[in-house]
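One file, run_18.pdb, carrying PDB, C-alpha atoms:
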ATOM      1  CA  GLY A  43      50.051 125.597-125.998  1.00  0.00           C
ATOM      2  CA  LEU A  44      51.665 123.019-128.196  1.00  0.00           C
ATOM      3  CA  SER A  45      54.779 123.681-130.223  1.00  0.00           C
ATOM      4  CA  HIS A  46      55.063 123.078-133.966  1.00  0.00           C
ATOM      5  CA  SER A  47      56.605 119.630-133.452  1.00  0.00           C
ATOM      6  CA  GLU A  48      54.029 118.674-130.797  1.00  0.00           C
ATOM      7  CA  VAL A  49      51.113 119.573-133.088  1.00  0.00           C
ATOM      8  CA  LYS A  50      52.769 117.562-135.853  1.00  0.00           C
ATOM      9  CA  GLN A  51      53.173 114.636-133.445  1.00  0.00           C
ATOM     10  CA  ALA A  52      49.493 114.872-132.434  1.00  0.00           C
ATOM     11  CA  VAL A  53      48.357 114.932-136.080  1.00  0.00           C
ATOM     12  CA  SER A  54      50.609 111.974-136.836  1.00  0.00           C
ATOM     13  CA  LYS A  55      49.016 110.010-133.952  1.00  0.00           C
ATOM     14  CA  LEU A  56      45.577 111.072-135.165  1.00  0.00           C
ATOM     15  CA  LEU A  57      46.340 109.762-138.658  1.00  0.00           C
ATOM     16  CA  ALA A  58      47.301 106.408-137.101  1.00  0.00           C
ATOM     17  CA  CYS A  59      43.786 106.036-135.616  1.00  0.00           C
ATOM     18  CA  GLY A  60      40.888 104.385-137.393  1.00  0.00           C
ATOM     19  CA  PRO A  61      38.926 106.433-139.981  1.00  0.00           C
ATOM     20  CA  GLY A  62      35.855 106.977-137.785  1.00  0.00           C
ATOM     21  CA  VAL A  63      37.925 108.091-134.803  1.00  0.00           C
ATOM     22  CA  GLN A  64      40.019 110.348-137.052  1.00  0.00           C
ATOM     23  CA  GLU A  65      36.948 112.144-138.381  1.00  0.00           C
ATOM     24  CA  ASP A  66      35.305 112.597-134.985  1.00  0.00           C
ATOM     25  CA  LEU A  67      38.432 113.881-133.278  1.00  0.00           C
ATOM     26  CA  TYR A  68      39.453 116.195-136.102  1.00  0.00           C
ATOM     27  CA  ARG A  69      35.909 117.564-136.309  1.00  0.00           C
ATOM     28  CA  SER A  70      36.056 118.439-132.589  1.00  0.00           C
ATOM     29  CA  TRP A  71      39.484 120.074-133.016  1.00  0.00           C
ATOM     30  CA  PHE A  72      38.276 122.069-135.999  1.00  0.00           C
ATOM     31  CA  SER A  73      34.991 123.177-134.399  1.00  0.00           C
ATOM     32  CA  ARG A  74      36.868 124.533-131.371  1.00  0.00           C
ATOM     33  CA  SER A  75      39.302 126.541-133.512  1.00  0.00           C
ATOM     34  CA  ARG A  76      37.004 127.589-136.364  1.00  0.00           C
ATOM     35  CA  GLN A  77      35.942 130.918-134.793  1.00  0.00           C
ATOM     36  CA  ARG A  78      39.535 132.198-134.848  1.00  0.00           C
ATOM     37  CA  MET A  79      40.165 131.189-138.472  1.00  0.00           C
ATOM     38  CA  PRO A  80      39.574 133.399-141.484  1.00  0.00           C
ATOM     39  CA  SER A  81      37.474 131.659-144.149  1.00  0.00           C
ATOM     40  CA  ALA A  82      40.535 131.091-146.379  1.00  0.00           C
ATOM     41  CA  ASP A  83      42.254 129.127-143.600  1.00  0.00           C
ATOM     42  CA  GLN A  84      39.029 127.286-142.775  1.00  0.00           C
ATOM     43  CA  GLU A  85      38.948 125.946-146.329  1.00  0.00           C
ATOM     44  CA  LYS A  86      42.543 124.704-146.015  1.00  0.00           C
ATOM     45  CA  LEU A  87      41.885 122.844-142.759  1.00  0.00           C
ATOM     46  CA  ASP A  88      38.180 121.913-142.769  1.00  0.00           C
ATOM     47  CA  THR A  89      38.759 118.163-143.280  1.00  0.00           C
ATOM     48  CA  LEU A  90      41.515 115.797-142.272  1.00  0.00           C
ATOM     49  CA  ASP A  91      41.794 114.626-145.891  1.00  0.00           C
ATOM     50  CA  LYS A  92      43.411 117.981-146.738  1.00  0.00           C
ATOM     51  CA  VAL A  93      46.087 117.671-144.057  1.00  0.00           C
ATOM     52  CA  ASP A  94      49.588 116.848-145.295  1.00  0.00           C
ATOM     53  CA  LEU A  95      52.307 116.365-142.678  1.00  0.00           C
ATOM     54  CA  THR A  96      55.023 117.249-145.211  1.00  0.00           C
ATOM     55  CA  ASN A  97      53.459 120.643-146.022  1.00  0.00           C
ATOM     56  CA  GLU A  98      55.249 123.025-143.636  1.00  0.00           C
ATOM     57  CA  GLU A  99      52.985 125.985-144.439  1.00  0.00           C
ATOM     58  CA  GLN A 100      49.934 123.932-143.512  1.00  0.00           C
ATOM     59  CA  MET A 101      51.639 122.616-140.362  1.00  0.00           C
ATOM     60  CA  GLU A 102      52.317 126.206-139.278  1.00  0.00           C
ATOM     61  CA  LEU A 103      48.636 127.045-139.774  1.00  0.00           C
ATOM     62  CA  MET A 104      47.675 123.982-137.730  1.00  0.00           C
ATOM     63  CA  GLN A 105      50.059 125.004-134.968  1.00  0.00           C
ATOM     64  CA  GLU A 106      48.589 128.506-134.950  1.00  0.00           C
ATOM     65  CA  TYR A 107      44.985 127.317-134.661  1.00  0.00           C
ATOM     66  CA  PHE A 108      45.262 123.922-132.970  1.00  0.00           C
ATOM     67  CA  GLY A 109      48.293 124.589-130.736  1.00  0.00           C
ATOM     68  CA  ARG A 110      46.119 126.245-128.070  1.00  0.00           C
ATOM     69  CA  ASN A 111      43.070 124.077-128.689  1.00  0.00           C
ATOM     70  CA  LEU A 112      42.238 122.099-125.517  1.00  0.00           C
ATOM     71  CA  GLU A 113      40.932 119.132-127.522  1.00  0.00           C
ATOM     72  CA  THR A 114      44.219 118.908-129.416  1.00  0.00           C
ATOM     73  CA  ILE A 115      46.288 119.387-126.253  1.00  0.00           C
ATOM     74  CA  ASN A 116      44.331 116.690-124.397  1.00  0.00           C
ATOM     75  CA  PHE A 117      44.741 114.314-127.342  1.00  0.00           C
ATOM     76  CA  TRP A 118      48.496 114.991-127.487  1.00  0.00           C
ATOM     77  CA  LEU A 119      48.847 114.439-123.732  1.00  0.00           C
ATOM     78  CA  SER A 120      46.827 111.221-123.697  1.00  0.00           C
ATOM     79  CA  LYS A 121      48.375 109.687-126.827  1.00  0.00           C
ATOM     80  CA  CYS A 122      51.930 111.067-126.941  1.00  0.00           C
ATOM     81  CA  VAL A 123      53.000 112.036-123.417  1.00  0.00           C
ATOM     82  CA  PHE A 124      51.194 109.850-120.889  1.00  0.00           C
ATOM     83  CA  PRO A 125      51.797 106.476-122.594  1.00  0.00           C
ATOM     84  CA  ASN A 126      55.562 107.084-122.361  1.00  0.00           C
ATOM     85  CA  GLU A 127      55.615 108.762-118.957  1.00  0.00           C
ATOM     86  CA  THR A 128      53.241 106.315-117.261  1.00  0.00           C
ATOM     87  CA  PHE A 129      54.569 103.142-118.841  1.00  0.00           C
ATOM     88  CA  GLN A 130      53.093 100.073-117.192  1.00  0.00           C
ATOM     89  CA  TYR A 131      55.109  96.942-116.595  1.00  0.00           C
ATOM     90  CA  PRO A 132      53.671  93.779-118.176  1.00  0.00           C
ATOM     91  CA  GLN A 133      53.538  92.141-114.752  1.00  0.00           C
ATOM     92  CA  LYS A 134      52.915  93.624-111.340  1.00  0.00           C
ATOM     93  CA  VAL A 135      55.959  94.937-109.546  1.00  0.00           C
ATOM     94  CA  THR A 136      55.092  94.889-105.862  1.00  0.00           C
ATOM     95  CA  ALA A 137      56.868  94.203-102.637  1.00  0.00           C
ATOM     96  CA  ASN A 138      56.021  94.209 -98.974  1.00  0.00           C
ATOM     97  CA  PRO A 139      57.966  93.504 -95.772  1.00  0.00           C
ATOM     98  CA  TRP A 140      57.671  89.773 -96.396  1.00  0.00           C
ATOM     99  CA  HIS A 141      59.703  90.152 -99.603  1.00  0.00           C
ATOM    100  CA  LEU A 142      62.430  92.176 -97.924  1.00  0.00           C
ATOM    101  CA  ALA A 143      63.658  89.293 -95.776  1.00  0.00           C
ATOM    102  CA  ASP A 144      64.380  86.674 -98.429  1.00  0.00           C
ATOM    103  CA  GLY A 145      68.014  86.299 -97.389  1.00  0.00           C
ATOM    104  CA  GLU A 146      69.803  86.250 -94.057  1.00  0.00           C
ATOM    105  CA  VAL A 147      68.694  89.213 -91.985  1.00  0.00           C
ATOM    106  CA  ASN A 148      70.196  90.893 -88.940  1.00  0.00           C
ATOM    107  CA  GLY A 149      68.453  93.554 -86.951  1.00  0.00           C
ATOM    108  CA  PHE A 150      67.707  94.877 -83.494  1.00  0.00           C
ATOM    109  CA  SER A 151      64.405  95.998 -82.081  1.00  0.00           C
ATOM    110  CA  GLY A 152      65.283  95.953 -78.393  1.00  0.00           C
ATOM    111  CA  THR A 153      62.351  93.801 -77.334  1.00  0.00           C
ATOM    112  CA  ALA A 154      61.049  90.312 -77.931  1.00  0.00           C
ATOM    113  CA  ASP A 155      57.398  91.317 -78.004  1.00  0.00           C
ATOM    114  CA  ASN A 156      57.171  92.002 -81.735  1.00  0.00           C
ATOM    115  CA  ARG A 157      58.228  88.585 -83.010  1.00  0.00           C
ATOM    116  CA  ARG A 158      54.670  87.803 -84.129  1.00  0.00           C
ATOM    117  CA  ILE A 159      54.624  90.634 -86.650  1.00  0.00           C
ATOM    118  CA  LEU A 160      57.927  89.725 -88.306  1.00  0.00           C
ATOM    119  CA  PRO A 161      57.885  87.983 -91.687  1.00  0.00           C
ATOM    120  CA  LEU A 162      58.078  84.201 -91.429  1.00  0.00           C
ATOM    121  CA  GLN A 163      61.591  84.210 -92.912  1.00  0.00           C
ATOM    122  CA  VAL A 164      62.828  86.268 -89.956  1.00  0.00           C
ATOM    123  CA  SER A 165      63.371  84.471 -86.690  1.00  0.00           C
ATOM    124  CA  GLN A 166      64.197  86.380 -83.564  1.00  0.00           C
ATOM    125  CA  VAL A 167      67.369  85.160 -81.911  1.00  0.00           C
ATOM    126  CA  THR A 168      68.251  86.646 -78.550  1.00  0.00           C
ATOM    127  CA  LEU A 169      71.944  86.849 -77.781  1.00  0.00           C
ATOM    128  CA  PRO A 170      72.941  85.053 -74.544  1.00  0.00           C
ATOM    129  CA  GLN A 171      74.102  88.290 -72.893  1.00  0.00           C
ATOM    130  CA  LEU A 172      70.702  89.899 -73.590  1.00  0.00           C
ATOM    131  CA  GLN A 173      68.448  87.049 -72.439  1.00  0.00           C
ATOM    132  CA  GLU A 174      67.880  88.659 -69.051  1.00  0.00           C
ATOM    133  CA  THR A 175      66.982  92.104 -70.443  1.00  0.00           C
ATOM    134  CA  ASP A 176      63.197  91.717 -70.364  1.00  0.00           C
ATOM    135  CA  GLY A 177      63.282  90.239 -66.866  1.00  0.00           C
ATOM    136  CA  LYS A 178      65.550  93.017 -65.560  1.00  0.00           C
ATOM    137  CA  MET A 179      63.246  95.686 -66.983  1.00  0.00           C
ATOM    138  CA  LEU A 180      60.216  94.040 -65.381  1.00  0.00           C
ATOM    139  CA  GLN A 181      62.105  93.828 -62.067  1.00  0.00           C
ATOM    140  CA  LEU A 182      62.927  97.566 -62.215  1.00  0.00           C
ATOM    141  CA  ILE A 183      59.312  98.473 -62.841  1.00  0.00           C
ATOM    142  CA  LEU A 184      58.038  96.293 -59.995  1.00  0.00           C
ATOM    143  CA  ALA A 185      60.746  97.543 -57.608  1.00  0.00           C
ATOM    144  CA  ASN A 186      59.517 101.129 -57.997  1.00  0.00           C
ATOM    145  CA  PRO A 187      55.788 100.926 -57.288  1.00  0.00           C
ATOM    146  CA  GLN A 188      55.400 104.704 -56.868  1.00  0.00           C
ATOM    147  CA  TYR A 189      53.360 106.033 -59.671  1.00  0.00           C
ATOM    148  CA  ARG A 190      50.525 108.439 -60.245  1.00  0.00           C
ATOM    149  CA  GLN A 191      47.375 107.535 -61.979  1.00  0.00           C
ATOM    150  CA  VAL A 192      46.143 110.239 -64.302  1.00  0.00           C
ATOM    151  CA  GLN A 193      42.422 110.544 -64.635  1.00  0.00           C
ATOM    152  CA  ARG A 194      41.700 111.129 -68.285  1.00  0.00           C
ATOM    153  CA  PRO A 195      39.002 113.815 -67.991  1.00  0.00           C
ATOM    154  CA  ASP A 196      40.984 115.790 -65.421  1.00  0.00           C
ATOM    155  CA  TRP A 197      43.637 117.561 -67.521  1.00  0.00           C
ATOM    156  CA  GLN A 198      44.980 119.384 -64.482  1.00  0.00           C
ATOM    157  CA  SER A 199      46.366 116.161 -63.025  1.00  0.00           C
ATOM    158  CA  VAL A 200      48.713 116.007 -66.015  1.00  0.00           C
ATOM    159  CA  LEU A 201      49.948 119.493 -65.182  1.00  0.00           C
ATOM    160  CA  ASP A 202      50.411 118.471 -61.525  1.00  0.00           C
ATOM    161  CA  MET A 203      52.639 115.626 -62.688  1.00  0.00           C
ATOM    162  CA  VAL A 204      54.717 117.832 -64.965  1.00  0.00           C
ATOM    163  CA  VAL A 205      54.932 120.938 -62.790  1.00  0.00           C
ATOM    164  CA  PRO A 206      55.526 120.074 -59.112  1.00  0.00           C
TER
END

Step by step, read the file and then write its structure as structure tokens.
Amino acid sequence: GLSHSEVKQAVSKLLACGPGVQEDLYRSWFSRSRQRMPSADQEKLDTLDKVDLTNEEQMELMQEYFGRNLETINFWLSKCVFPNETFQYPQKVTANPWHLADGEVNGFSGTADNRRILPLQVSQVTLPQLQETDGKMLQLILANPQYRQVQRPDWQSVLDMVVP
């Protein structure tokens, strides 16, 4: 439930709303808590016009009856907690990989085949001592033509490859 100060904060926010909204919301709060109130307390809290934020005795009654009221709790969350906790920036704050490379960038991927997916600001520069790397790898693959072709539906051929 809500604490004394949280109920007071919710009532304060409610009083800042327009008159029609105030009446509708307070009526829903009151109708949900009315069954638990003795008739003397119902008379003290039956309309929002009777509510005085400076009256501590009345605020304690409101905390007792409205502190566990789901309508009051939802109002407090939506008007007092969420606006502060989920503050939205006035403009969109977004970034993607294209924004990450605004300045000079160094990196290493090991291959030259991904240059087409790099942001436009990034240009792939191959060091002179690494220019032969792709060719050497291709030469190694072609020099060792022994390989096994695994037939996809035959799962046992995978086991034959793994376990000699």

Can you spell out as number ranges by chain the set of residues that the PyMOL selection byres ((chain A and resi 88) around 12) selects in the structure I just provided?
A: 65, 68-76, 79-87, 89-93, 100, 104, 107

CA of Val123 in chain A to CA of Arg78 in chain A, distance in Å rounded to a single decimal
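If I compute the distance from CA of Val123 in chain A to CA of Arg78 in chain A, I get 26.8 Å.
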
I'd like the interatomic distance between CA of Val63 in chain A and CA of Met101 in chain A, to a tenth of an Å.
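Separation of CA of Val63 in chain A and CA of Met101 in chain A: 20.7 Å.
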
Give me the result of the PyMOL selection byres ((chain A and resi 52) around 8) on this file, residue by residue, as a PyMOL selection string.
chain A and resi 48-51+53-56+114+117-118+121-122

Could you tell me how far CA of Gly109 in chain A lies from CA of Phe124 in chain A, in Å and to one decimal?
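Calculated distance between CA of Gly109 in chain A and CA of Phe124 in chain A is 18.0 Å.
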
With the input short on atoms, add N, CA and C atoms back to range 82-97 of chain A and write it as an mmCIF file, keeping the file's coordinate frame.
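Result written to rebuild-v5.cif:
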data_model
loop_
_atom_site.group_PDB
_atom_site.id
_atom_site.type_symbol
_atom_site.label_atom_id
_atom_site.label_comp_id
_atom_site.auth_asym_id
_atom_site.auth_seq_id
_atom_site.Cartn_x
_atom_site.Cartn_y
_atom_site.Cartn_z
ATOM 1 N N ALA A 82 39.524 131.699 -145.497
ATOM 2 C CA ALA A 82 40.535 131.091 -146.379
ATOM 3 C C ALA A 82 41.263 129.959 -145.651
ATOM 4 N N ASP A 83 41.580 130.173 -144.381
ATOM 5 C CA ASP A 83 42.254 129.127 -143.600
ATOM 6 C C ASP A 83 41.300 127.997 -143.243
ATOM 7 N N GLN A 84 40.021 128.330 -143.055
ATOM 8 C CA GLN A 84 39.029 127.286 -142.775
ATOM 9 C C GLN A 84 38.959 126.302 -143.937
ATOM 10 N N GLU A 85 39.011 126.826 -145.153
ATOM 11 C CA GLU A 85 38.948 125.946 -146.329
ATOM 12 C C GLU A 85 40.160 125.029 -146.412
ATOM 13 N N LYS A 86 41.317 125.509 -145.957
ATOM 14 C CA LYS A 86 42.543 124.704 -146.015
ATOM 15 C C LYS A 86 42.559 123.592 -144.973
ATOM 16 N N LEU A 87 41.806 123.787 -143.878
ATOM 17 C CA LEU A 87 41.885 122.844 -142.759
ATOM 18 C C LEU A 87 40.551 122.203 -142.378
ATOM 19 N N ASP A 88 39.510 122.363 -143.198
ATOM 20 C CA ASP A 88 38.180 121.913 -142.769
ATOM 21 C C ASP A 88 38.013 120.397 -142.693
ATOM 22 N N THR A 89 38.829 119.626 -143.400
ATOM 23 C CA THR A 89 38.759 118.163 -143.280
ATOM 24 C C THR A 89 40.161 117.594 -143.115
ATOM 25 N N LEU A 90 40.227 116.450 -142.504
ATOM 26 C CA LEU A 90 41.515 115.797 -142.272
ATOM 27 C C LEU A 90 42.129 115.306 -143.583
ATOM 28 N N ASP A 91 41.286 115.074 -144.589
ATOM 29 C CA ASP A 91 41.794 114.626 -145.891
ATOM 30 C C ASP A 91 42.737 115.650 -146.514
ATOM 31 N N LYS A 92 42.584 116.916 -146.164
ATOM 32 C CA LYS A 92 43.411 117.981 -146.738
ATOM 33 C C LYS A 92 44.740 118.154 -146.005
ATOM 34 N N VAL A 93 44.885 117.492 -144.875
ATOM 35 C CA VAL A 93 46.087 117.671 -144.057
ATOM 36 C C VAL A 93 47.232 116.833 -144.620
ATOM 37 N N ASP A 94 48.381 117.495 -144.790
ATOM 38 C CA ASP A 94 49.588 116.848 -145.295
ATOM 39 C C ASP A 94 50.728 117.169 -144.332
ATOM 40 N N LEU A 95 51.246 116.157 -143.671
ATOM 41 C CA LEU A 95 52.307 116.365 -142.678
ATOM 42 C C LEU A 95 53.595 116.925 -143.285
ATOM 43 N N THR A 96 53.798 116.747 -144.574
ATOM 44 C CA THR A 96 55.023 117.249 -145.211
ATOM 45 C C THR A 96 54.893 118.702 -145.658
ATOM 46 N N ASN A 97 53.692 119.257 -145.605
ATOM 47 C CA ASN A 97 53.459 120.643 -146.022
ATOM 48 C C ASN A 97 53.705 121.559 -144.819
#
